[in-house]
file protein31.cif (mmCIF, C-alpha atoms)
data_work
#
loop_
_atom_site.label_atom_id
_atom_site.label_comp_id
_atom_site.auth_asym_id
_atom_site.auth_seq_id
_atom_site.Cartn_x
_atom_site.Cartn_y
_atom_site.Cartn_z
CA MET A 1 -7.21 -14.49 36.98
CA THR A 2 -8.49 -17.98 37.39
CA LEU A 3 -7.08 -20.39 39.90
CA PHE A 4 -5.60 -22.37 37.05
CA ASP A 5 -3.74 -19.31 35.77
CA PHE A 6 -2.55 -18.59 39.25
CA ILE A 7 -1.11 -22.05 39.72
CA GLN A 8 0.49 -21.94 36.31
CA ARG A 9 2.13 -18.70 37.27
CA LEU A 10 3.33 -19.95 40.62
CA LEU A 11 4.95 -22.85 38.83
CA GLY A 12 6.59 -20.40 36.47
CA ARG A 13 4.87 -21.90 33.46
CA GLN A 14 3.06 -18.81 32.37
CA LYS A 15 4.14 -15.22 32.14
CA PRO A 16 1.74 -12.52 33.28
CA SER A 17 -0.28 -11.31 30.30
CA GLY A 18 1.02 -7.76 30.70
CA THR A 19 4.55 -8.97 30.10
CA MET A 20 3.43 -10.93 27.07
CA ALA A 21 1.69 -7.84 25.75
CA LYS A 22 4.89 -5.84 26.02
CA GLU A 23 7.01 -8.46 24.31
CA ARG A 24 4.54 -8.91 21.48
CA LEU A 25 4.24 -5.16 21.01
CA GLN A 26 7.98 -4.63 20.88
CA LEU A 27 8.30 -7.22 18.18
CA VAL A 28 5.42 -6.01 16.06
CA LEU A 29 6.47 -2.37 16.37
CA ALA A 30 10.02 -3.15 15.32
CA HIS A 31 8.52 -4.57 12.13
CA ASP A 32 5.99 -1.78 11.70
CA ARG A 33 8.62 0.89 12.08
CA SER A 34 11.13 -0.66 9.71
CA ASP A 35 8.42 -1.70 7.29
CA LEU A 36 10.03 -5.10 6.90
CA ASN A 37 7.71 -8.05 6.97
CA PRO A 38 8.83 -11.31 8.56
CA GLU A 39 9.38 -12.86 5.14
CA LEU A 40 11.76 -10.14 4.02
CA LEU A 41 13.53 -10.25 7.35
CA GLU A 42 14.01 -13.99 6.99
CA GLN A 43 15.43 -13.49 3.50
CA MET A 44 17.78 -10.82 4.77
CA ARG A 45 18.82 -13.06 7.63
CA ARG A 46 19.69 -15.88 5.24
CA GLU A 47 21.67 -13.59 2.97
CA ILE A 48 23.59 -12.06 5.83
CA LEU A 49 24.46 -15.50 7.16
CA GLU A 50 25.58 -16.54 3.70
CA VAL A 51 27.97 -13.63 3.41
CA VAL A 52 29.36 -14.08 6.89
CA GLN A 53 29.81 -17.77 6.27
CA ARG A 54 32.16 -17.09 3.42
CA TYR A 55 34.60 -15.66 5.90
CA VAL A 56 34.05 -17.50 9.12
CA GLU A 57 32.39 -20.68 10.19
CA ILE A 58 29.35 -19.79 12.22
CA ASP A 59 26.86 -21.73 14.18
CA ILE A 60 23.77 -21.48 12.02
CA GLU A 61 21.49 -22.83 14.72
CA GLU A 62 22.63 -20.23 17.21
CA GLY A 63 22.80 -17.37 14.75
CA ASP A 64 20.25 -14.69 15.32
CA VAL A 65 19.41 -11.63 13.24
CA SER A 66 16.58 -9.54 14.55
CA LEU A 67 15.16 -6.07 14.82
CA GLU A 68 15.25 -4.36 18.15
CA THR A 69 13.76 -1.05 19.09
CA GLU A 70 14.74 1.40 21.71
CA ASP A 71 13.67 5.02 21.97
CA ARG A 72 12.00 4.85 18.58
CA VAL A 73 15.23 3.85 16.87
CA THR A 74 15.14 0.45 15.28
CA ALA A 75 18.39 -1.45 15.00
CA LEU A 76 19.27 -4.56 13.10
CA VAL A 77 21.06 -6.71 15.62
CA ALA A 78 23.05 -9.76 14.54
CA ASN A 79 24.42 -12.18 17.05
CA LEU A 80 26.48 -14.78 15.23
CA PRO A 81 28.64 -17.09 17.31
CA ILE A 82 31.79 -17.87 15.34
CA LYS A 83 33.16 -21.39 15.50
CA ARG A 84 36.42 -20.57 13.74
CA ALA A 85 37.85 -18.51 10.94
CA ARG A 86 38.06 -20.07 7.51
CA PRO A 87 41.51 -21.09 6.24
CA LEU A 88 43.20 -18.59 3.99
CA PRO A 89 42.67 -20.35 0.62
CA ALA A 90 38.95 -20.48 1.20
CA LEU A 91 38.97 -16.78 1.96
CA VAL A 92 40.80 -15.99 -1.23
CA ALA A 93 38.31 -18.06 -3.14
CA ALA A 94 35.48 -16.25 -1.45
CA ALA A 95 37.02 -12.91 -2.28
CA ALA A 96 37.42 -13.94 -5.88
CA ALA A 97 33.84 -15.11 -5.94
CA VAL A 98 32.57 -11.68 -4.98
CA GLY A 99 34.98 -10.08 -7.43
CA MET A 100 37.34 -8.40 -5.05
CA ALA A 101 40.38 -7.01 -6.79
CA GLN A 102 42.92 -8.08 -4.20
CA ALA A 103 43.26 -11.04 -1.90
CA PRO A 104 43.35 -10.16 1.78
CA ASP A 105 46.77 -10.35 3.38
CA ALA A 106 47.93 -13.01 5.76
CA GLU A 107 46.71 -11.46 9.01
CA ALA A 108 43.20 -10.92 7.85
CA PRO A 109 41.63 -14.21 8.98
CA GLN A 110 42.38 -13.56 12.62
CA GLU A 111 41.05 -10.07 12.41
CA LEU A 112 37.87 -11.20 10.82
CA ALA A 113 37.03 -13.32 13.80
CA VAL A 114 36.45 -10.28 15.92
CA PRO A 115 32.85 -9.31 16.54
CA LEU A 116 31.54 -12.22 18.50
CA ALA A 117 28.83 -10.31 20.18
CA SER A 118 26.28 -8.05 18.65
CA GLU A 119 27.12 -5.62 15.98
CA PRO A 120 24.25 -3.21 15.69
CA THR A 121 23.89 -1.79 12.27
CA GLU A 122 21.69 1.15 12.01
CA GLU A 123 18.38 1.25 10.31
CA SER A 124 16.29 3.99 11.67
CA SER A 125 12.93 5.13 10.72
CA THR A 126 9.52 5.90 11.86
CA ALA A 127 6.46 5.21 9.86
CA LYS A 128 6.57 6.52 6.38
CA SER A 129 4.90 9.68 5.46
CA ASP A 130 2.07 10.20 3.09
CA MET B 1 -11.23 39.13 23.30
CA ASP B 2 -8.35 41.35 22.36
CA ALA B 3 -5.81 39.54 20.27
CA VAL B 4 -3.24 42.27 20.36
CA THR B 5 -1.66 41.70 23.73
CA SER B 6 -1.55 37.94 23.89
CA ALA B 7 1.09 35.39 22.92
CA PRO B 8 0.40 33.19 19.89
CA ALA B 9 -2.18 30.51 20.54
CA ARG B 10 -1.16 26.97 21.36
CA ILE B 11 -2.56 24.76 18.61
CA ILE B 12 -2.77 21.20 19.88
CA LEU B 13 -3.90 18.16 17.94
CA ILE B 14 -5.54 15.45 20.01
CA CYS B 15 -5.16 12.13 18.26
CA SER B 16 -4.83 8.40 18.85
CA GLY B 17 -4.92 6.38 15.64
CA LYS B 18 -7.34 3.86 17.09
CA GLY B 19 -10.93 4.89 17.65
CA GLY B 20 -12.72 4.78 20.97
CA VAL B 21 -9.75 5.37 23.23
CA GLY B 22 -10.97 8.73 24.54
CA LYS B 23 -9.90 11.50 22.15
CA THR B 24 -13.17 13.36 22.21
CA THR B 25 -13.66 12.94 25.95
CA LEU B 26 -10.19 14.32 26.51
CA THR B 27 -10.81 17.25 24.17
CA ALA B 28 -14.07 18.16 25.89
CA ASN B 29 -12.70 17.89 29.40
CA LEU B 30 -9.46 19.62 28.60
CA GLY B 31 -11.35 22.41 26.86
CA ILE B 32 -13.50 23.04 29.92
CA ALA B 33 -10.55 22.73 32.30
CA LEU B 34 -8.44 25.21 30.33
CA ALA B 35 -11.34 27.64 30.06
CA ARG B 36 -11.82 27.44 33.82
CA LEU B 37 -8.19 28.38 34.27
CA GLY B 38 -8.93 31.55 32.36
CA GLU B 39 -7.62 30.49 28.95
CA ARG B 40 -9.64 31.47 25.92
CA THR B 41 -10.12 28.06 24.39
CA VAL B 42 -11.61 26.86 21.12
CA VAL B 43 -12.24 23.17 20.52
CA LEU B 44 -12.41 22.24 16.87
CA ASP B 45 -14.13 19.03 15.86
CA ALA B 46 -12.16 17.88 12.84
CA ASP B 47 -14.13 14.67 12.63
CA PHE B 48 -16.96 16.04 10.55
CA GLY B 49 -18.28 12.71 9.34
CA LEU B 50 -18.79 11.28 12.82
CA ARG B 51 -18.76 14.38 14.91
CA ASN B 52 -19.39 13.91 18.61
CA LEU B 53 -17.65 16.69 20.42
CA ASP B 54 -20.87 18.73 20.37
CA LEU B 55 -22.67 15.88 22.12
CA LEU B 56 -20.07 15.51 24.87
CA LEU B 57 -20.17 19.23 25.53
CA GLY B 58 -23.96 19.36 25.51
CA LEU B 59 -23.96 21.75 22.55
CA GLU B 60 -25.57 19.51 19.95
CA ASN B 61 -28.66 21.67 19.58
CA ARG B 62 -26.85 24.92 19.14
CA ILE B 63 -24.82 24.31 16.03
CA ILE B 64 -25.95 26.36 13.08
CA TYR B 65 -22.85 27.02 11.07
CA THR B 66 -19.58 25.19 10.65
CA ALA B 67 -16.05 26.02 9.51
CA GLN B 68 -17.20 25.30 6.00
CA GLU B 69 -19.62 28.24 5.94
CA VAL B 70 -17.00 30.48 7.48
CA LEU B 71 -14.54 29.56 4.75
CA ALA B 72 -17.19 30.05 2.09
CA GLU B 73 -17.87 33.43 3.68
CA THR B 74 -21.56 32.75 4.09
CA CYS B 75 -21.18 33.58 7.77
CA ARG B 76 -18.73 35.26 10.10
CA LEU B 77 -16.48 33.29 12.42
CA GLU B 78 -18.29 34.68 15.50
CA GLN B 79 -21.54 33.22 14.21
CA ALA B 80 -20.08 29.76 13.80
CA LEU B 81 -18.34 29.63 17.16
CA VAL B 82 -20.70 28.02 19.68
CA LYS B 83 -20.05 29.49 23.07
CA HIS B 84 -20.47 27.22 26.09
CA LYS B 85 -23.19 28.52 28.41
CA GLN B 86 -21.57 27.84 31.74
CA GLU B 87 -18.05 28.38 30.55
CA PRO B 88 -17.94 31.40 28.25
CA ASN B 89 -14.18 31.07 27.76
CA LEU B 90 -14.86 27.95 25.74
CA ALA B 91 -16.22 27.80 22.22
CA LEU B 92 -16.84 24.91 19.87
CA LEU B 93 -16.33 24.99 16.14
CA PRO B 94 -17.40 21.99 14.09
CA ALA B 95 -15.31 21.57 10.96
CA GLY B 96 -18.26 20.52 8.89
CA ASN B 97 -21.50 18.63 8.98
CA PRO B 98 -22.09 14.95 8.30
CA ARG B 99 -23.95 15.71 5.05
CA MET B 100 -20.90 17.25 3.49
CA LEU B 101 -19.73 15.30 0.51
CA GLU B 102 -16.31 16.72 0.21
CA TRP B 103 -13.97 17.51 2.94
CA LEU B 104 -12.03 20.69 3.23
CA THR B 105 -8.43 20.49 2.16
CA PRO B 106 -5.44 20.74 4.52
CA ASP B 107 -5.17 24.26 3.18
CA ASP B 108 -8.69 25.10 4.35
CA MET B 109 -7.85 23.65 7.71
CA GLN B 110 -4.86 25.91 8.05
CA ARG B 111 -6.93 28.93 7.11
CA ILE B 112 -9.69 28.28 9.61
CA VAL B 113 -7.28 27.44 12.42
CA ALA B 114 -5.32 30.62 11.75
CA MET B 115 -8.56 32.60 12.03
CA VAL B 116 -9.54 30.89 15.26
CA ALA B 117 -6.06 31.20 16.73
CA GLU B 118 -6.25 34.96 16.52
CA ARG B 119 -8.84 35.04 19.22
CA ALA B 120 -7.74 32.17 21.45
CA ASP B 121 -5.02 31.06 23.83
CA PHE B 122 -5.61 27.38 23.14
CA VAL B 123 -6.98 25.66 20.06
CA LEU B 124 -7.66 21.96 20.60
CA ILE B 125 -8.22 19.96 17.43
CA ASP B 126 -10.18 16.74 17.94
CA CYS B 127 -8.75 14.42 15.31
CA PRO B 128 -10.71 11.63 13.61
CA ALA B 129 -9.55 8.05 14.12
CA GLY B 130 -7.32 6.52 11.51
CA ILE B 131 -4.28 7.79 9.67
CA GLU B 132 -5.86 8.64 6.34
CA ASP B 133 -7.10 11.93 4.92
CA GLY B 134 -9.06 12.90 8.01
CA PHE B 135 -5.93 12.67 10.09
CA LYS B 136 -3.83 14.51 7.52
CA ASN B 137 -6.31 17.35 7.39
CA ALA B 138 -6.58 17.64 11.13
CA ALA B 139 -2.82 17.52 11.51
CA ALA B 140 -2.18 20.12 8.83
CA ALA B 141 -2.57 23.08 11.14
CA ALA B 142 -1.30 21.57 14.38
CA ARG B 143 1.86 22.81 16.04
CA GLU B 144 1.93 20.35 18.89
CA ALA B 145 0.05 17.16 19.71
CA ILE B 146 -1.27 14.99 22.47
CA VAL B 147 -1.46 11.31 21.64
CA ILE B 148 -3.94 9.46 23.78
CA THR B 149 -3.86 5.71 24.17
CA THR B 150 -4.99 2.95 26.50
CA PRO B 151 -2.78 0.19 27.91
CA GLU B 152 -3.85 -2.29 25.24
CA VAL B 153 -1.76 -3.73 22.46
CA SER B 154 -3.94 -2.51 19.60
CA ALA B 155 -4.21 1.04 20.91
CA VAL B 156 -0.48 1.29 21.58
CA ARG B 157 0.39 -0.05 18.16
CA ASP B 158 -1.88 2.46 16.45
CA ALA B 159 -0.54 5.26 18.62
CA ASP B 160 2.94 4.33 17.47
CA ARG B 161 1.92 4.78 13.83
CA VAL B 162 0.47 8.18 14.56
CA ILE B 163 3.58 9.25 16.46
CA GLY B 164 5.67 8.26 13.46
CA LEU B 165 3.51 10.41 11.19
CA LEU B 166 3.63 13.37 13.58
CA ASN B 167 7.40 13.11 13.73
CA THR B 168 7.77 13.21 9.97
CA ARG B 169 5.50 16.26 9.91
CA GLY B 170 7.64 18.05 12.45
CA VAL B 171 4.84 18.43 14.98
CA ALA B 172 6.45 19.03 18.38
CA PRO B 173 6.21 18.55 21.24
CA VAL B 174 4.18 15.37 21.14
CA GLN B 175 3.01 14.27 24.58
CA LEU B 176 1.22 11.20 25.82
CA VAL B 177 -1.96 10.65 27.80
CA LEU B 178 -2.56 7.15 29.09
CA ASN B 179 -6.28 6.58 29.48
CA ARG B 180 -8.35 3.91 31.23
CA VAL B 181 -5.63 2.89 33.60
CA ARG B 182 -6.61 0.03 35.90
CA PRO B 183 -4.19 0.18 38.82
CA LYS B 184 -5.06 -3.26 40.18
CA MET B 185 -4.53 -5.03 36.89
CA MET B 186 -1.31 -3.13 36.35
CA ALA B 187 -0.05 -4.04 39.80
CA SER B 188 -0.67 -7.71 39.08
CA GLN B 189 0.97 -7.30 35.68
CA GLU B 190 -2.13 -8.38 33.84
CA MET B 191 -2.06 -5.14 31.88
CA LEU B 192 0.66 -3.12 30.21
CA GLY B 193 2.17 -0.91 32.87
CA VAL B 194 2.65 2.85 32.68
CA ASP B 195 6.39 2.42 32.21
CA ASP B 196 5.86 -0.23 29.55
CA VAL B 197 3.81 2.15 27.44
CA THR B 198 6.11 5.14 27.87
CA ASP B 199 9.14 2.95 27.11
CA ILE B 200 7.60 1.61 23.95
CA LEU B 201 6.28 4.91 22.62
CA ALA B 202 9.18 7.01 23.96
CA LEU B 203 7.00 10.04 24.66
CA PRO B 204 6.81 12.23 27.75
CA LEU B 205 3.69 11.56 29.76
CA VAL B 206 1.38 14.53 30.31
CA GLY B 207 -1.44 12.65 31.99
CA LEU B 208 -2.71 9.42 33.49
CA VAL B 209 -6.45 8.89 33.62
CA VAL B 210 -7.75 6.00 35.65
CA GLU B 211 -10.76 4.05 34.48
CA ASP B 212 -13.71 5.92 35.92
CA GLU B 213 -17.42 5.16 35.57
CA GLN B 214 -18.20 8.82 36.06
CA VAL B 215 -16.96 9.43 32.52
CA ILE B 216 -19.94 7.51 31.17
CA VAL B 217 -22.35 9.37 33.43
CA SER B 218 -20.98 12.72 32.32
CA THR B 219 -21.21 11.73 28.68
CA ASN B 220 -24.85 10.80 29.15
CA ARG B 221 -25.54 14.24 30.54
CA GLY B 222 -23.47 16.20 28.09
CA GLU B 223 -21.57 17.78 30.96
CA PRO B 224 -17.84 17.06 30.97
CA LEU B 225 -16.50 15.99 34.36
CA THR B 226 -14.31 19.04 34.64
CA LEU B 227 -17.37 21.28 34.40
CA ASN B 228 -18.87 20.52 37.77
CA GLY B 229 -15.61 20.41 39.60
CA ASN B 230 -16.62 17.05 41.00
CA GLY B 231 -13.81 15.23 42.65
CA SER B 232 -13.86 12.07 40.57
CA PRO B 233 -10.43 10.62 39.76
CA ALA B 234 -10.80 11.22 36.03
CA ALA B 235 -11.87 14.83 36.57
CA LYS B 236 -8.74 15.46 38.61
CA ALA B 237 -6.61 13.80 35.98
CA TYR B 238 -8.03 16.05 33.23
CA GLN B 239 -7.56 19.15 35.35
CA ASN B 240 -3.96 18.18 35.98
CA ILE B 241 -3.34 17.73 32.26
CA ALA B 242 -4.66 21.24 31.67
CA ARG B 243 -2.33 22.66 34.29
CA ARG B 244 0.68 20.77 32.98
CA LEU B 245 -0.05 22.12 29.52
CA ARG B 246 0.18 25.62 30.97
CA GLY B 247 3.58 24.80 32.36
CA GLU B 248 2.68 24.01 35.95
CA ASP B 249 4.83 21.35 37.52
CA ILE B 250 2.45 18.73 38.82
CA PRO B 251 4.04 15.37 39.54
CA LEU B 252 2.61 12.30 37.85
CA GLU B 253 1.95 9.38 40.08
CA ASP B 254 1.70 5.85 38.81
CA PRO B 255 -1.51 4.68 40.50
CA SER B 256 -0.38 1.07 40.44
CA LYS B 257 2.62 1.97 42.56
CA THR B 258 1.23 4.51 44.98
CA ARG B 259 1.47 3.42 48.56
CA LYS B 260 -1.34 4.25 50.88
CA GLY B 261 -0.73 2.56 54.18
CA LEU B 262 1.13 -0.33 55.60
CA ARG B 263 -1.64 -2.70 54.72
CA ALA B 264 -1.93 -1.50 51.16
CA ARG B 265 1.81 -1.73 50.77
CA LEU B 266 1.82 -5.24 52.12
CA MET B 267 -0.99 -6.25 49.82
CA ASN B 268 0.83 -4.69 46.92
CA LYS B 269 3.88 -6.72 47.69
CA ILE B 270 1.89 -9.91 47.96
CA ARG B 271 0.09 -9.06 44.76
CA LYS B 272 3.32 -8.44 42.94
CA THR B 273 5.05 -11.60 44.06
CA THR B 274 2.12 -13.92 43.68
CA GLY B 275 -0.08 -12.21 41.15
CA LEU B 276 -3.00 -13.02 43.40
CA PHE B 277 -5.98 -10.67 43.96
#

call {"tool": "encode", "arguments": {"input": "protein31.cif", "output": "C-alpha cells"}}
result
Amino acid sequence: MTLFDFIQRLLGRQKPSGTMAKERLQLVLAHDRSDLNPELLEQMRREILEVVQRYVEIDIEEGDVSLETEDRVTALVANLPIKRARPLPALVAAAAAVGMAQAPDAEAPQELAVPLASEPTEESSTAKSD
Amino acid sequence: MDAVTSAPARIILICSGKGGVGKTTLTANLGIALARLGERTVVLDADFGLRNLDLLLGLENRIIYTAQEVLAETCRLEQALVKHKQEPNLALLPAGNPRMLEWLTPDDMQRIVAMVAERADFVLIDCPAGIEDGFKNAAAAAREAIVITTPEVSAVRDADRVIGLLNTRGVAPVQLVLNRVRPKMMASQEMLGVDDVTDILALPLVGLVVEDEQVIVSTNRGEPLTLNGNGSPAAKAYQNIARRLRGEDIPLEDPSKTRKGLRARLMNKIRKTTGLF
C-alpha cells in the first residue's frame, strides 16, 4: 500500500481493496447465477415499477430492484418506498386496463400499501447445465 | 491389491474453472499424502492435451501407455498404471497423450475410472481448466469434488461457475481448498479474506494453503512437497487436507487471524485498524 492509499484510507475516502473485491464479486455472481444481464435487469426493473405504479405512488428515485445472493440462492429484492396509495377511481381504471374482471372493493387501496420494505421474490438457480 | 475386502473407492474430481490456480499441484501432493497414509491411490490426469501431472510427480519419462490404450485393449490396466518409485501406494494414469486427435467420451471416462476404482481406495481426477468438454468428461465419473481457488476475483468467479455445474450434476460433497493465501494481505484487507470466499461460494472448507515458495522448488524437482515430509507450510496444509478427506477432525485455522504472542496480536490490531504494514 502506498502512503497515498494509506492516507486516503485514514480519511475514509477509499475502501480496502479486499472489501471492493467482495462487493464486486457478489454483484457479478448474482448476475452470473441468474443469467440476467444488466440490460435485462434494467428492463425488468422498469416494468416492475410500472406495474407497481398503477396501484401506488412510489418514489422512482428511491426505488431499487436488485439481485442479491446468499448461500447460492439468488433473490430478486425490490425496495420501493410508497408515497401514498392511488385513489380508488385510478385503481379501477388500472384494473380495467389490465383486463381484470372485477374492480377491487373499497378496502383494497389501504391493503395495497402494505409492503414498504423488501419483498423477496424467489428466483433460484445455479449455472445452467450443458 | 485385493479389491474384495475394501469399501468402494472415493472418486474425487479436482477442479477450479480457472487455470493456474493449483489443481495439478494439489492433485500431486494429495496423491502422495494419501498414499503415505496407507491409501491405495490413483491419480488420473484428465487433461490430456496439456498434461502436467506426470511432470509434477517426476514420472514424465515413465509413461508408455495411457487410458486410451487400456480402453482399446492394446494393453492391460497394470501396464498403463505408472507406479511411483518412492511411494508404491501411488500410481499415475494419464488419460491420453497430447497427440490424440479425439478425446474419449464421458462414457469412456466412466469405464476407465470404474476399472481403476476396483483396485484403489482413492481416485483423484485432475480436471482440465475451463467448463467445456474437457471438464464434462472429467466430471462424468466423479462422485465427489474438491474445488480449488485463490482469493482473487477471477478465480472465485470461475469457481462459482464450476460449483454450479457440479451441483446440477449431483456431484456431492463438493469441498473447497483456498490456495495461495497471503495472511498479511488478508489481515490488512487488501485481499479477499477466507470468510469472504467461503461466504460467496457457500462451500465447506477442506483446506487452506498459504503462499509458499517451496511449491515452486518442488515443482522444479518433480518431487511433491508431501513426499519428503519437509515441514514447509504448504506441505503441512496438503497433509491436513488428506487427513480431513479420510475423516480426521483437524481444525482449520485462518492464518490471517491466528495470534502468536502479545506483540503479534498488537500488531494485528494496529494493522486492522489502520491498514498499515

call {"tool": "resolve_selection", "arguments": {"input": "protein31.cif", "expression": "the PyMOL selection byres ((chain B) within 10 of (chain A))", "output": "JSON, numbers by chain"}}
result
{"B": [131, 132, 133, 136, 151, 152, 153, 154, 156, 157, 158, 160, 161, 162, 163, 164, 165, 166, 167, 168, 169, 185, 186, 187, 188, 189, 190, 191, 192, 193, 196, 197, 198, 199, 200, 201, 202, 203, 273, 274, 275, 276, 277]}

call {"tool": "write_last_selection", "arguments": {"input": "protein31.cif", "atoms": "C-alpha atoms", "output": "JSON list (two decimals), in the coordinates of the input"}}
result
[["chain", "number", "residue", "atom", "x", "y", "z"],
["B", 131, "ILE", "CA", -4.28, 7.79, 9.67],
["B", 132, "GLU", "CA", -5.86, 8.64, 6.34],
["B", 133, "ASP", "CA", -7.10, 11.93, 4.92],
["B", 136, "LYS", "CA", -3.83, 14.51, 7.52],
["B", 151, "PRO", "CA", -2.78, 0.19, 27.91],
["B", 152, "GLU", "CA", -3.85, -2.29, 25.24],
["B", 153, "VAL", "CA", -1.76, -3.73, 22.46],
["B", 154, "SER", "CA", -3.94, -2.51, 19.60],
["B", 156, "VAL", "CA", -0.48, 1.29, 21.58],
["B", 157, "ARG", "CA", 0.39, -0.05, 18.16],
["B", 158, "ASP", "CA", -1.88, 2.46, 16.45],
["B", 160, "ASP", "CA", 2.94, 4.33, 17.47],
["B", 161, "ARG", "CA", 1.92, 4.78, 13.83],
["B", 162, "VAL", "CA", 0.47, 8.18, 14.56],
["B", 163, "ILE", "CA", 3.58, 9.25, 16.46],
["B", 164, "GLY", "CA", 5.67, 8.26, 13.46],
["B", 165, "LEU", "CA", 3.51, 10.41, 11.19],
["B", 166, "LEU", "CA", 3.63, 13.37, 13.58],
["B", 167, "ASN", "CA", 7.40, 13.11, 13.73],
["B", 168, "THR", "CA", 7.77, 13.21, 9.97],
["B", 169, "ARG", "CA", 5.50, 16.26, 9.91],
["B", 185, "MET", "CA", -4.53, -5.03, 36.89],
["B", 186, "MET", "CA", -1.31, -3.13, 36.35],
["B", 187, "ALA", "CA", -0.05, -4.04, 39.80],
["B", 188, "SER", "CA", -0.67, -7.71, 39.08],
["B", 189, "GLN", "CA", 0.97, -7.30, 35.68],
["B", 190, "GLU", "CA", -2.13, -8.38, 33.84],
["B", 191, "MET", "CA", -2.06, -5.14, 31.88],
["B", 192, "LEU", "CA", 0.66, -3.12, 30.21],
["B", 193, "GLY", "CA", 2.17, -0.91, 32.87],
["B", 196, "ASP", "CA", 5.86, -0.23, 29.55],
["B", 197, "VAL", "CA", 3.81, 2.15, 27.44],
["B", 198, "THR", "CA", 6.11, 5.14, 27.87],
["B", 199, "ASP", "CA", 9.14, 2.95, 27.11],
["B", 200, "ILE", "CA", 7.60, 1.61, 23.95],
["B", 201, "LEU", "CA", 6.28, 4.91, 22.62],
["B", 202, "ALA", "CA", 9.18, 7.01, 23.96],
["B", 203, "LEU", "CA", 7.00, 10.04, 24.66],
["B", 273, "THR", "CA", 5.05, -11.60, 44.06],
["B", 274, "THR", "CA", 2.12, -13.92, 43.68],
["B", 275, "GLY", "CA", -0.08, -12.21, 41.15],
["B", 276, "LEU", "CA", -3.00, -13.02, 43.40],
["B", 277, "PHE", "CA", -5.98, -10.67, 43.96]]

call {"tool": "resolve_selection", "arguments": {"input": "protein31.cif", "expression": "the PyMOL selection byres ((chain B and resi 129) around 6)", "output": "PyMOL selection string"}}
result
chain B and resi 17-19+128+130

call {"tool": "residues_near_point", "arguments": {"input": "protein31.cif", "point": "(9.9, -9.1, 15.6)", "cutoff": "7 Å", "atoms": "all atoms listed in the file", "output": "PyMOL selection string"}}
result
chain A and resi 27-28+30-31+66-67

call {"tool": "closest_residue", "arguments": {"input": "protein31.cif", "among": "B:Leu104, B:Leu92, B:Val206, B:Leu30", "to": "B:Leu44", "atoms": "all atoms listed in the file"}}
result
B:Leu92

call {"tool": "residues_near_point", "arguments": {"input": "protein31.cif", "point": "(-15.7, 34.8, 30.0)", "cutoff": "9 Å", "atoms": "all atoms listed in the file", "output": "VMD selection string"}}
result
chain B and resid 35 38 40 87 to 90

call {"tool": "closest_residue", "arguments": {"input": "protein31.cif", "among": "A:Ala95, A:Leu11, A:Leu41, A:Ile82", "to": "A:Gly63", "atoms": "only C-alpha atoms"}}
result
A:Ile82

call {"tool": "residues_around", "arguments": {"input": "protein31.cif", "residues": "stretch 63-70 of chain B", "least_positions_apart": "5", "cutoff": "9 Å", "atoms": "only C-alpha atoms", "output": "PyMOL selection string"}}
result
chain B and resi 54+75-77+79-82+92-97+103-104+108-109+112

call {"tool": "closest_residue", "arguments": {"input": "protein31.cif", "among": "B:Asp249, B:Glu60, B:Asp45, B:Asp254", "to": "B:Val113", "atoms": "only C-alpha atoms"}}
result
B:Asp45

call {"tool": "resolve_selection", "arguments": {"input": "protein31.cif", "expression": "the PyMOL selection byres ((chain B and resi 120) around 12)", "output": "PDB file with C-alpha atoms, in the coordinates of the input"}}
result
ATOM      1  CA  MET B   1     -11.230  39.130  23.300  1.00  0.00           C
ATOM      2  CA  ASP B   2      -8.350  41.350  22.360  1.00  0.00           C
ATOM      3  CA  ALA B   3      -5.810  39.540  20.270  1.00  0.00           C
ATOM      4  CA  VAL B   4      -3.240  42.270  20.360  1.00  0.00           C
ATOM      5  CA  THR B   5      -1.660  41.700  23.730  1.00  0.00           C
ATOM      6  CA  SER B   6      -1.550  37.940  23.890  1.00  0.00           C
ATOM      7  CA  ALA B   7       1.090  35.390  22.920  1.00  0.00           C
ATOM      8  CA  PRO B   8       0.400  33.190  19.890  1.00  0.00           C
ATOM      9  CA  ALA B   9      -2.180  30.510  20.540  1.00  0.00           C
ATOM     10  CA  ARG B  10      -1.160  26.970  21.360  1.00  0.00           C
ATOM     11  CA  ILE B  11      -2.560  24.760  18.610  1.00  0.00           C
ATOM     12  CA  GLY B  31     -11.350  22.410  26.860  1.00  0.00           C
ATOM     13  CA  LEU B  34      -8.440  25.210  30.330  1.00  0.00           C
ATOM     14  CA  ALA B  35     -11.340  27.640  30.060  1.00  0.00           C
ATOM     15  CA  GLY B  38      -8.930  31.550  32.360  1.00  0.00           C
ATOM     16  CA  GLU B  39      -7.620  30.490  28.950  1.00  0.00           C
ATOM     17  CA  ARG B  40      -9.640  31.470  25.920  1.00  0.00           C
ATOM     18  CA  THR B  41     -10.120  28.060  24.390  1.00  0.00           C
ATOM     19  CA  VAL B  42     -11.610  26.860  21.120  1.00  0.00           C
ATOM     20  CA  VAL B  43     -12.240  23.170  20.520  1.00  0.00           C
ATOM     21  CA  LEU B  44     -12.410  22.240  16.870  1.00  0.00           C
ATOM     22  CA  LEU B  81     -18.340  29.630  17.160  1.00  0.00           C
ATOM     23  CA  ASN B  89     -14.180  31.070  27.760  1.00  0.00           C
ATOM     24  CA  LEU B  90     -14.860  27.950  25.740  1.00  0.00           C
ATOM     25  CA  ALA B  91     -16.220  27.800  22.220  1.00  0.00           C
ATOM     26  CA  LEU B  92     -16.840  24.910  19.870  1.00  0.00           C
ATOM     27  CA  VAL B 113      -7.280  27.440  12.420  1.00  0.00           C
ATOM     28  CA  ALA B 114      -5.320  30.620  11.750  1.00  0.00           C
ATOM     29  CA  MET B 115      -8.560  32.600  12.030  1.00  0.00           C
ATOM     30  CA  VAL B 116      -9.540  30.890  15.260  1.00  0.00           C
ATOM     31  CA  ALA B 117      -6.060  31.200  16.730  1.00  0.00           C
ATOM     32  CA  GLU B 118      -6.250  34.960  16.520  1.00  0.00           C
ATOM     33  CA  ARG B 119      -8.840  35.040  19.220  1.00  0.00           C
ATOM     34  CA  ASP B 121      -5.020  31.060  23.830  1.00  0.00           C
ATOM     35  CA  PHE B 122      -5.610  27.380  23.140  1.00  0.00           C
ATOM     36  CA  VAL B 123      -6.980  25.660  20.060  1.00  0.00           C
ATOM     37  CA  LEU B 124      -7.660  21.960  20.600  1.00  0.00           C
TER      38      LEU B 124
END
